[in-house]
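Enquirer: Provided below: query30.csv, containing CSV, N, CA and C atoms.
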```
chain,number,residue,atom,x,y,z
A,1,MET,N,-19.4,-46.7,-110.3
A,1,MET,CA,-20.4,-46.8,-109.3
A,1,MET,C,-21.3,-48.0,-109.5
A,2,ALA,N,-21.5,-48.7,-108.5
A,2,ALA,CA,-22.4,-49.9,-108.6
A,2,ALA,C,-23.8,-49.6,-108.8
A,3,ILE,N,-24.5,-50.4,-109.5
A,3,ILE,CA,-25.9,-50.2,-109.7
A,3,ILE,C,-26.7,-50.4,-108.4
A,4,ASN,N,-26.3,-51.4,-107.7
A,4,ASN,CA,-26.9,-51.7,-106.3
A,4,ASN,C,-25.8,-52.3,-105.5
A,5,LYS,N,-26.1,-52.5,-104.2
A,5,LYS,CA,-25.1,-53.0,-103.3
A,5,LYS,C,-24.7,-54.4,-103.5
A,6,ASN,N,-25.4,-55.1,-104.3
A,6,ASN,CA,-25.1,-56.5,-104.6
A,6,ASN,C,-24.1,-56.7,-105.8
A,7,HIS,N,-23.8,-55.6,-106.4
A,7,HIS,CA,-22.9,-55.6,-107.6
A,7,HIS,C,-21.8,-54.5,-107.4
A,8,LEU,N,-20.9,-54.8,-106.5
A,8,LEU,CA,-19.9,-53.8,-106.1
A,8,LEU,C,-18.6,-54.1,-106.9
A,9,PHE,N,-17.9,-53.0,-107.3
A,9,PHE,CA,-16.6,-53.1,-107.9
A,9,PHE,C,-15.8,-51.9,-107.5
A,10,GLU,N,-14.5,-52.1,-107.4
A,10,GLU,CA,-13.6,-51.0,-107.1
A,10,GLU,C,-12.2,-51.4,-107.4
A,11,GLU,N,-11.3,-50.5,-107.3
A,11,GLU,CA,-9.9,-50.7,-107.7
A,11,GLU,C,-9.2,-51.3,-106.5
A,12,LEU,N,-8.6,-52.5,-106.6
A,12,LEU,CA,-7.7,-53.1,-105.6
A,12,LEU,C,-6.4,-53.3,-106.2
A,13,ASP,N,-5.4,-52.7,-105.5
A,13,ASP,CA,-4.0,-52.8,-106.0
A,13,ASP,C,-3.8,-52.4,-107.4
A,14,GLY,N,-4.6,-51.4,-107.8
A,14,GLY,CA,-4.5,-50.8,-109.2
A,14,GLY,C,-5.2,-51.6,-110.2
A,15,VAL,N,-6.0,-52.6,-109.8
A,15,VAL,CA,-6.8,-53.4,-110.8
A,15,VAL,C,-8.2,-53.3,-110.5
A,16,LYS,N,-9.1,-53.0,-111.5
A,16,LYS,CA,-10.5,-52.9,-111.3
A,16,LYS,C,-11.0,-54.3,-111.0
A,17,CYS,N,-11.7,-54.5,-109.9
A,17,CYS,CA,-12.1,-55.8,-109.4
A,17,CYS,C,-13.6,-55.8,-109.0
A,18,GLY,N,-14.3,-56.9,-109.2
A,18,GLY,CA,-15.6,-57.1,-108.7
A,18,GLY,C,-15.4,-57.6,-107.2
A,19,ILE,N,-16.1,-56.9,-106.3
A,19,ILE,CA,-15.9,-57.2,-104.9
A,19,ILE,C,-16.6,-58.5,-104.5
A,20,VAL,N,-16.0,-59.4,-103.9
A,20,VAL,CA,-16.6,-60.6,-103.4
A,20,VAL,C,-17.1,-60.4,-102.0
A,21,GLU,N,-16.2,-60.0,-101.1
A,21,GLU,CA,-16.5,-59.8,-99.7
A,21,GLU,C,-15.6,-58.7,-99.1
A,22,LYS,N,-16.0,-58.0,-98.1
A,22,LYS,CA,-15.2,-57.0,-97.5
A,22,LYS,C,-15.1,-57.4,-96.0
A,23,GLU,N,-14.0,-57.0,-95.4
A,23,GLU,CA,-13.7,-57.2,-94.0
A,23,GLU,C,-13.8,-58.7,-93.6
A,24,VAL,N,-13.0,-59.5,-94.3
A,24,VAL,CA,-13.0,-60.9,-94.0
A,24,VAL,C,-11.7,-61.3,-93.3
A,25,SER,N,-11.7,-62.4,-92.6
A,25,SER,CA,-10.6,-62.9,-91.8
A,25,SER,C,-9.6,-63.5,-92.8
A,26,PRO,N,-8.3,-63.7,-92.4
A,26,PRO,CA,-7.3,-64.4,-93.2
A,26,PRO,C,-7.8,-65.8,-93.6
A,27,GLU,N,-8.4,-66.5,-92.7
A,27,GLU,CA,-8.9,-67.9,-93.0
A,27,GLU,C,-9.9,-67.9,-94.1
A,28,ARG,N,-10.9,-66.9,-94.0
A,28,ARG,CA,-11.9,-66.8,-95.0
A,28,ARG,C,-11.3,-66.4,-96.4
A,29,VAL,N,-10.2,-65.6,-96.4
A,29,VAL,CA,-9.5,-65.2,-97.6
A,29,VAL,C,-9.0,-66.5,-98.3
A,30,MET,N,-8.4,-67.4,-97.5
A,30,MET,CA,-7.8,-68.6,-98.1
A,30,MET,C,-8.9,-69.5,-98.7
A,31,PHE,N,-10.0,-69.6,-98.0
A,31,PHE,CA,-11.2,-70.4,-98.5
A,31,PHE,C,-11.7,-69.8,-99.8
A,32,LEU,N,-11.9,-68.5,-99.8
A,32,LEU,CA,-12.5,-67.9,-101.0
A,32,LEU,C,-11.5,-68.0,-102.2
A,33,GLN,N,-10.2,-67.8,-101.9
A,33,GLN,CA,-9.2,-67.8,-102.9
A,33,GLN,C,-9.1,-69.1,-103.6
A,34,GLN,N,-9.1,-70.2,-102.8
A,34,GLN,CA,-9.0,-71.5,-103.3
A,34,GLN,C,-10.2,-71.9,-104.2
A,35,LEU,N,-11.4,-71.5,-103.7
A,35,LEU,CA,-12.6,-71.8,-104.4
A,35,LEU,C,-12.7,-71.0,-105.7
A,36,LEU,N,-12.4,-69.7,-105.6
A,36,LEU,CA,-12.6,-68.9,-106.8
A,36,LEU,C,-11.5,-69.2,-107.9
A,37,GLU,N,-10.3,-69.5,-107.4
A,37,GLU,CA,-9.2,-69.8,-108.4
A,37,GLU,C,-9.5,-71.1,-109.1
A,38,TYR,N,-10.1,-72.1,-108.3
A,38,TYR,CA,-10.5,-73.4,-108.9
A,38,TYR,C,-11.5,-73.1,-110.1
A,39,ASN,N,-12.4,-72.1,-109.9
A,39,ASN,CA,-13.4,-71.8,-110.9
A,39,ASN,C,-12.9,-70.8,-111.9
A,40,GLY,N,-11.6,-70.6,-112.0
A,40,GLY,CA,-11.1,-69.8,-113.1
A,40,GLY,C,-11.0,-68.3,-112.9
A,41,TYR,N,-11.2,-67.8,-111.7
A,41,TYR,CA,-11.1,-66.4,-111.4
A,41,TYR,C,-9.7,-66.0,-110.9
A,42,THR,N,-9.3,-64.8,-111.2
A,42,THR,CA,-8.0,-64.3,-110.6
A,42,THR,C,-8.4,-63.5,-109.3
A,43,VAL,N,-7.9,-63.9,-108.2
A,43,VAL,CA,-8.4,-63.3,-106.9
A,43,VAL,C,-7.3,-62.2,-106.5
A,44,VAL,N,-7.9,-61.1,-106.0
A,44,VAL,CA,-7.0,-60.0,-105.5
A,44,VAL,C,-7.5,-59.8,-104.0
A,45,ALA,N,-6.6,-59.9,-103.1
A,45,ALA,CA,-7.0,-59.6,-101.7
A,45,ALA,C,-6.0,-58.5,-101.1
A,46,VAL,N,-6.6,-57.5,-100.6
A,46,VAL,CA,-5.8,-56.4,-100.0
A,46,VAL,C,-6.3,-56.2,-98.6
A,47,PRO,N,-5.4,-55.7,-97.7
A,47,PRO,CA,-5.9,-55.4,-96.3
A,47,PRO,C,-6.9,-54.3,-96.3
A,48,SER,N,-7.9,-54.5,-95.5
A,48,SER,CA,-9.0,-53.5,-95.4
A,48,SER,C,-8.4,-52.2,-94.7
A,49,PRO,N,-8.9,-51.1,-95.0
A,49,PRO,CA,-8.5,-49.9,-94.2
A,49,PRO,C,-8.9,-50.0,-92.8
A,50,PRO,N,-8.2,-49.4,-91.9
A,50,PRO,CA,-8.6,-49.5,-90.5
A,50,PRO,C,-9.9,-48.7,-90.3
A,51,PRO,N,-10.7,-49.2,-89.3
A,51,PRO,CA,-12.0,-48.5,-89.1
A,51,PRO,C,-11.8,-47.1,-88.6
A,52,LYS,N,-12.7,-46.2,-88.9
A,52,LYS,CA,-12.6,-44.8,-88.4
A,52,LYS,C,-13.0,-44.8,-86.9
A,53,VAL,N,-12.2,-44.1,-86.1
A,53,VAL,CA,-12.4,-44.1,-84.7
A,53,VAL,C,-12.7,-42.7,-84.2
A,54,ALA,N,-13.8,-42.6,-83.4
A,54,ALA,CA,-14.1,-41.2,-82.9
A,54,ALA,C,-13.0,-40.8,-81.9
A,55,PRO,N,-12.7,-39.5,-81.9
A,55,PRO,CA,-11.7,-39.1,-80.9
A,55,PRO,C,-12.1,-39.3,-79.5
A,56,ALA,N,-11.2,-39.7,-78.6
A,56,ALA,CA,-11.5,-39.9,-77.2
A,56,ALA,C,-11.9,-38.6,-76.6
A,57,PRO,N,-12.9,-38.6,-75.7
A,57,PRO,CA,-13.3,-37.4,-75.0
A,57,PRO,C,-12.1,-37.0,-74.0
A,58,VAL,N,-12.1,-35.7,-73.8
A,58,VAL,CA,-11.1,-35.1,-73.0
A,58,VAL,C,-11.5,-35.3,-71.5
A,59,VAL,N,-10.6,-36.0,-70.8
A,59,VAL,CA,-10.9,-36.3,-69.4
A,59,VAL,C,-9.9,-35.5,-68.5
A,60,LYS,N,-10.5,-34.9,-67.5
A,60,LYS,CA,-9.6,-34.1,-66.6
A,60,LYS,C,-9.8,-34.6,-65.2
A,61,ASP,N,-8.7,-34.5,-64.4
A,61,ASP,CA,-8.7,-34.9,-63.0
A,61,ASP,C,-9.2,-33.8,-62.1
A,62,GLU,N,-9.2,-34.0,-60.8
A,62,GLU,CA,-9.7,-32.9,-59.9
A,62,GLU,C,-9.0,-31.6,-60.0
A,63,ASP,N,-7.7,-31.6,-60.4
A,63,ASP,CA,-6.9,-30.4,-60.5
A,63,ASP,C,-7.1,-29.7,-61.8
A,64,GLY,N,-7.8,-30.3,-62.7
A,64,GLY,CA,-8.0,-29.7,-64.1
A,64,GLY,C,-7.0,-30.2,-65.1
A,65,ASN,N,-6.1,-31.1,-64.7
A,65,ASN,CA,-5.1,-31.6,-65.6
A,65,ASN,C,-5.7,-32.6,-66.6
A,66,VAL,N,-5.3,-32.6,-67.8
A,66,VAL,CA,-5.9,-33.5,-68.8
A,66,VAL,C,-5.2,-34.9,-68.6
A,67,ILE,N,-6.1,-35.9,-68.6
A,67,ILE,CA,-5.6,-37.3,-68.5
A,67,ILE,C,-5.5,-37.9,-69.9
A,68,PRO,N,-4.3,-38.4,-70.3
A,68,PRO,CA,-4.3,-38.9,-71.6
A,68,PRO,C,-5.2,-40.2,-71.8
A,69,PRO,N,-5.8,-40.3,-72.9
A,69,PRO,CA,-6.7,-41.5,-73.1
A,69,PRO,C,-5.9,-42.7,-73.3
A,70,PRO,N,-6.4,-43.9,-72.9
A,70,PRO,CA,-5.7,-45.1,-73.1
A,70,PRO,C,-5.6,-45.4,-74.6
A,71,PRO,N,-4.5,-46.1,-75.0
A,71,PRO,CA,-4.4,-46.4,-76.4
A,71,PRO,C,-5.5,-47.3,-76.9
A,72,PRO,N,-6.0,-47.1,-78.1
A,72,PRO,CA,-7.1,-47.9,-78.6
A,72,PRO,C,-6.6,-49.3,-78.9
A,73,PRO,N,-7.5,-50.3,-78.8
A,73,PRO,CA,-7.1,-51.7,-79.0
A,73,PRO,C,-6.7,-51.8,-80.5
A,74,PRO,N,-5.8,-52.8,-80.8
A,74,PRO,CA,-5.4,-52.9,-82.2
A,74,PRO,C,-6.6,-53.4,-83.0
A,75,ALA,N,-6.7,-52.9,-84.2
A,75,ALA,CA,-7.8,-53.2,-85.1
A,75,ALA,C,-7.5,-54.7,-85.6
A,76,PRO,N,-8.6,-55.4,-85.8
A,76,PRO,CA,-8.4,-56.8,-86.3
A,76,PRO,C,-7.9,-56.8,-87.7
A,77,GLU,N,-7.1,-57.7,-88.1
A,77,GLU,CA,-6.6,-57.8,-89.5
A,77,GLU,C,-7.7,-58.4,-90.4
A,78,THR,N,-8.2,-57.5,-91.2
A,78,THR,CA,-9.2,-58.0,-92.2
A,78,THR,C,-8.8,-57.6,-93.6
A,79,PHE,N,-9.5,-58.3,-94.6
A,79,PHE,CA,-9.1,-58.1,-96.0
A,79,PHE,C,-10.4,-57.8,-96.8
A,80,THR,N,-10.2,-57.2,-97.9
A,80,THR,CA,-11.2,-57.1,-99.0
A,80,THR,C,-10.8,-58.0,-100.1
A,81,VAL,N,-11.7,-58.9,-100.5
A,81,VAL,CA,-11.5,-59.9,-101.5
A,81,VAL,C,-12.2,-59.5,-102.8
A,82,GLY,N,-11.5,-59.5,-103.9
A,82,GLY,CA,-12.2,-59.2,-105.2
A,82,GLY,C,-11.6,-60.1,-106.3
A,83,VAL,N,-12.3,-60.1,-107.4
A,83,VAL,CA,-11.8,-60.9,-108.6
A,83,VAL,C,-11.6,-59.9,-109.7
A,84,THR,N,-10.7,-60.2,-110.6
A,84,THR,CA,-10.4,-59.3,-111.7
A,84,THR,C,-11.6,-59.2,-112.7
A,85,ASP,N,-12.5,-60.2,-112.7
A,85,ASP,CA,-13.7,-60.1,-113.5
A,85,ASP,C,-14.7,-59.2,-112.8
A,86,TYR,N,-14.7,-57.9,-113.2
A,86,TYR,CA,-15.5,-56.9,-112.4
A,86,TYR,C,-17.0,-57.1,-112.6
A,87,THR,N,-17.4,-58.0,-113.5
A,87,THR,CA,-18.8,-58.3,-113.6
A,87,THR,C,-19.3,-59.4,-112.7
A,88,PHE,N,-18.3,-60.0,-111.9
A,88,PHE,CA,-18.7,-61.1,-111.0
A,88,PHE,C,-19.6,-60.6,-109.9
A,89,ASN,N,-20.6,-61.4,-109.6
A,89,ASN,CA,-21.6,-61.1,-108.6
A,89,ASN,C,-21.7,-62.4,-107.8
A,90,PRO,N,-21.3,-62.4,-106.5
A,90,PRO,CA,-21.4,-63.6,-105.7
A,90,PRO,C,-22.8,-64.2,-105.6
A,91,ILE,N,-23.8,-63.4,-105.5
A,91,ILE,CA,-25.2,-63.8,-105.3
A,91,ILE,C,-25.6,-64.6,-106.6
A,92,ASN,N,-25.3,-64.0,-107.7
A,92,ASN,CA,-25.7,-64.7,-109.0
A,92,ASN,C,-24.9,-65.9,-109.2
A,93,ALA,N,-23.6,-65.9,-108.8
A,93,ALA,CA,-22.8,-67.1,-109.0
A,93,ALA,C,-23.3,-68.3,-108.1
A,94,ILE,N,-23.7,-68.0,-106.9
A,94,ILE,CA,-24.1,-69.1,-106.0
A,94,ILE,C,-25.5,-69.6,-106.4
A,95,PHE,N,-26.5,-68.7,-106.5
A,95,PHE,CA,-27.8,-69.1,-106.8
A,95,PHE,C,-28.0,-69.5,-108.3
A,96,GLY,N,-27.1,-69.0,-109.2
A,96,GLY,CA,-27.1,-69.5,-110.6
A,96,GLY,C,-26.4,-70.8,-110.8
A,97,ARG,N,-25.8,-71.3,-109.7
A,97,ARG,CA,-25.1,-72.6,-109.7
A,97,ARG,C,-24.0,-72.6,-110.7
A,98,LEU,N,-23.2,-71.5,-110.7
A,98,LEU,CA,-22.1,-71.3,-111.6
A,98,LEU,C,-20.8,-71.7,-111.0
A,99,LEU,N,-20.7,-71.9,-109.7
A,99,LEU,CA,-19.4,-72.2,-109.0
A,99,LEU,C,-19.5,-73.7,-108.6
A,100,HIS,N,-18.3,-74.4,-108.7
A,100,HIS,CA,-18.2,-75.8,-108.3
A,100,HIS,C,-17.1,-76.0,-107.4
A,101,THR,N,-17.2,-77.0,-106.5
A,101,THR,CA,-16.1,-77.3,-105.6
A,101,THR,C,-15.1,-78.2,-106.3
A,102,PRO,N,-13.9,-78.3,-105.7
A,102,PRO,CA,-12.9,-79.1,-106.4
A,102,PRO,C,-13.3,-80.6,-106.5
A,103,ASP,N,-14.2,-81.1,-105.7
A,103,ASP,CA,-14.7,-82.5,-105.8
A,103,ASP,C,-15.9,-82.6,-106.8
A,104,GLY,N,-16.2,-81.5,-107.5
A,104,GLY,CA,-17.2,-81.6,-108.6
A,104,GLY,C,-18.6,-81.2,-108.2
A,105,HIS,N,-18.9,-80.9,-106.9
A,105,HIS,CA,-20.3,-80.5,-106.5
A,105,HIS,C,-20.5,-79.0,-106.8
A,106,VAL,N,-21.8,-78.7,-106.9
A,106,VAL,CA,-22.2,-77.3,-107.1
A,106,VAL,C,-22.1,-76.6,-105.7
A,107,VAL,N,-21.6,-75.4,-105.7
A,107,VAL,CA,-21.4,-74.6,-104.4
A,107,VAL,C,-22.8,-74.2,-104.0
A,108,THR,N,-23.2,-74.5,-102.8
A,108,THR,CA,-24.4,-74.1,-102.2
A,108,THR,C,-24.2,-72.9,-101.2
A,109,LEU,N,-25.3,-72.3,-100.8
A,109,LEU,CA,-25.1,-71.1,-99.9
A,109,LEU,C,-24.5,-71.6,-98.6
A,110,ALA,N,-24.9,-72.7,-98.1
A,110,ALA,CA,-24.3,-73.2,-96.8
A,110,ALA,C,-22.8,-73.4,-97.0
A,111,TYR,N,-22.4,-74.0,-98.1
A,111,TYR,CA,-20.9,-74.2,-98.3
A,111,TYR,C,-20.2,-72.9,-98.5
A,112,TRP,N,-20.8,-71.9,-99.2
A,112,TRP,CA,-20.2,-70.6,-99.4
A,112,TRP,C,-20.0,-69.9,-98.1
A,113,GLU,N,-21.0,-70.0,-97.2
A,113,GLU,CA,-20.9,-69.4,-95.9
A,113,GLU,C,-20.1,-70.2,-94.9
A,114,GLN,N,-19.5,-71.3,-95.3
A,114,GLN,CA,-18.7,-72.2,-94.5
A,114,GLN,C,-19.5,-72.8,-93.3
A,115,LYS,N,-20.8,-73.0,-93.5
A,115,LYS,CA,-21.6,-73.7,-92.5
A,115,LYS,C,-21.5,-75.2,-92.7
A,116,GLU,N,-21.2,-75.7,-93.9
A,116,GLU,CA,-21.0,-77.1,-94.2
A,116,GLU,C,-19.6,-77.3,-94.8
A,117,LYS,N,-19.0,-78.4,-94.5
A,117,LYS,CA,-17.6,-78.7,-95.0
A,117,LYS,C,-17.7,-79.3,-96.4
A,118,VAL,N,-18.8,-79.9,-96.7
A,118,VAL,CA,-19.0,-80.5,-98.0
A,118,VAL,C,-20.3,-80.0,-98.7
A,119,SER,N,-20.2,-79.6,-99.9
A,119,SER,CA,-21.3,-79.1,-100.6
A,119,SER,C,-22.2,-80.2,-101.1
A,120,HIS,N,-23.5,-80.2,-100.7
A,120,HIS,CA,-24.4,-81.2,-101.1
A,120,HIS,C,-25.3,-80.6,-102.2
A,121,ASP,N,-25.2,-81.2,-103.4
A,121,ASP,CA,-26.0,-80.7,-104.5
A,121,ASP,C,-27.5,-80.7,-104.1
A,122,GLU,N,-28.1,-79.6,-104.3
A,122,GLU,CA,-29.5,-79.5,-104.1
A,122,GLU,C,-30.2,-79.5,-105.4
A,123,VAL,N,-31.3,-80.2,-105.5
A,123,VAL,CA,-32.0,-80.2,-106.8
A,123,VAL,C,-32.9,-79.0,-106.8
A,124,PRO,N,-32.7,-78.1,-107.9
A,124,PRO,CA,-33.5,-76.9,-107.9
A,124,PRO,C,-35.0,-77.2,-107.9
A,125,TYR,N,-35.8,-76.3,-107.3
A,125,TYR,CA,-37.2,-76.6,-107.1
A,125,TYR,C,-37.9,-76.9,-108.4
A,126,TYR,N,-37.5,-76.3,-109.5
A,126,TYR,CA,-38.2,-76.4,-110.8
A,126,TYR,C,-37.9,-77.8,-111.4
A,127,GLU,N,-36.9,-78.5,-110.9
A,127,GLU,CA,-36.6,-79.9,-111.4
A,127,GLU,C,-37.2,-81.0,-110.6
A,128,THR,N,-37.9,-80.7,-109.5
A,128,THR,CA,-38.5,-81.7,-108.7
A,128,THR,C,-39.9,-82.1,-109.2
A,129,SER,N,-40.2,-83.3,-109.1
A,129,SER,CA,-41.5,-83.7,-109.6
A,129,SER,C,-42.5,-83.7,-108.4
A,130,LEU,N,-43.7,-83.5,-108.7
A,130,LEU,CA,-44.7,-83.4,-107.7
A,130,LEU,C,-45.3,-84.7,-107.4
```
What do you get writing this file as structure tokens?
Expert:
Amino acid sequence: MAINKNHLFEELDGVKCGIVEKEVSPERVMFLQQLLEYNGYTVVAVPSPPPKVAPAPVVKDEDGNVIPPPPPPPAPETFTVGVTDYTFNPINAIFGRLLHTPDGHVVTLAYWEQKEKVSHDEVPYYETSL
């Protein structure tokens, strides 16, 4: 059991893993896998379980016959991504400046969230001069 929701771990494919993100797209899985493997982590990605769906209400026509419900739309294909180091915490890794991009820059939050294509090293507030 995790101490808090920022430090999740569970078993993926029979391996105890620290959870990086849940319900992510295949494109996001590729991005995270490349970044984390470059930083020396072993990545495990498994399909997320389908979401629980409430049963459709029973609908009847004027004669009292039950009308079958329409089929539910297909669930989007999502994945749970974890690393075999179950002590891994993505928040600590990003803000602790522990992760690096393949071109040698420190991973920033904007790069992690894929808002920027290139990670721009930010100088920590405590290293700036007044």
Enquirer: From the options A:Val46, A:Val83, A:Ala93, A:Val66, which residue's atoms come nearest to Gly18 (chain A), counting only N, CA and C atoms?
Expert: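 Residue with the minimum atom-to-atom distance to Gly18 (chain A): A:Val83.
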Enquirer: Report the residues of chain A whose backbone DSSP state falls under helix (DSSP H, G or I), written as a list in words.
Expert: Pro26, Glu27, Arg28, Val29, Met30, Phe31, Leu32, Gln33, Gln34, Leu35, Leu36, Glu37, Tyr38, Pro90, Ile91, Asn92, Ala93, Ile94, Phe95, Leu109, Ala110, Tyr111, Trp112, Tyr125, Tyr126 and Glu127 of chain A
Enquirer: With distances taken over only C-alpha atoms, which of A:Glu10, A:Asp85, A:Glu77, A:Asp63 is nearest to Leu36 (chain A)?
Expert: A:Asp85
Enquirer: What does the distance from CA of Gly82 (chain A) to CA of Val53 (chain A) come to in Å, to one decimal?
Expert: 25.5 Å
Enquirer: List as a count of residues only the protein and nucleic acid residues near region 97-111 of chain A, meaning an atom at most 12 Å away when only C-alpha atoms are counted, but skip any in the same chain fewer than 6 places from it.
Expert: 22
Enquirer: What parts of region 9-105 of chain A does DSSP call strand (DSSP E or B)? I'd like the answer as number ranges by chain.
Expert: A: 9-12, 15-24, 43-47, 59-60, 66-67, 79-83, 100
Enquirer: Please compute the CA of Ser25 (chain A)-CA of Pro50 (chain A) distance, one decimal, in Å.
Expert: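 A separation of 13.6 Å between them.
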Enquirer: Please compute the atom N of Val20 (chain A)-CA of Pro47 (chain A) distance, one decimal, in Å.
Expert: 13.3 Å
Enquirer: Mind checking which residues fall within 6 Å of Thr80 (chain A), counting all atoms listed in the file, ignoring those fewer than 6 positions away in the same chain, and posting them as a ChimeraX atom specification?
Expert: /A:21-24,44-48
Enquirer: Just checking: using all atoms listed in the file, which residue out of A:Pro57, A:Thr42, A:Gln33, A:Pro26 ends up closest to Pro69 (chain A)?
Expert: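 Using all atoms listed in the file, the shortest distance to Pro69 (chain A) belongs to A:Pro57.
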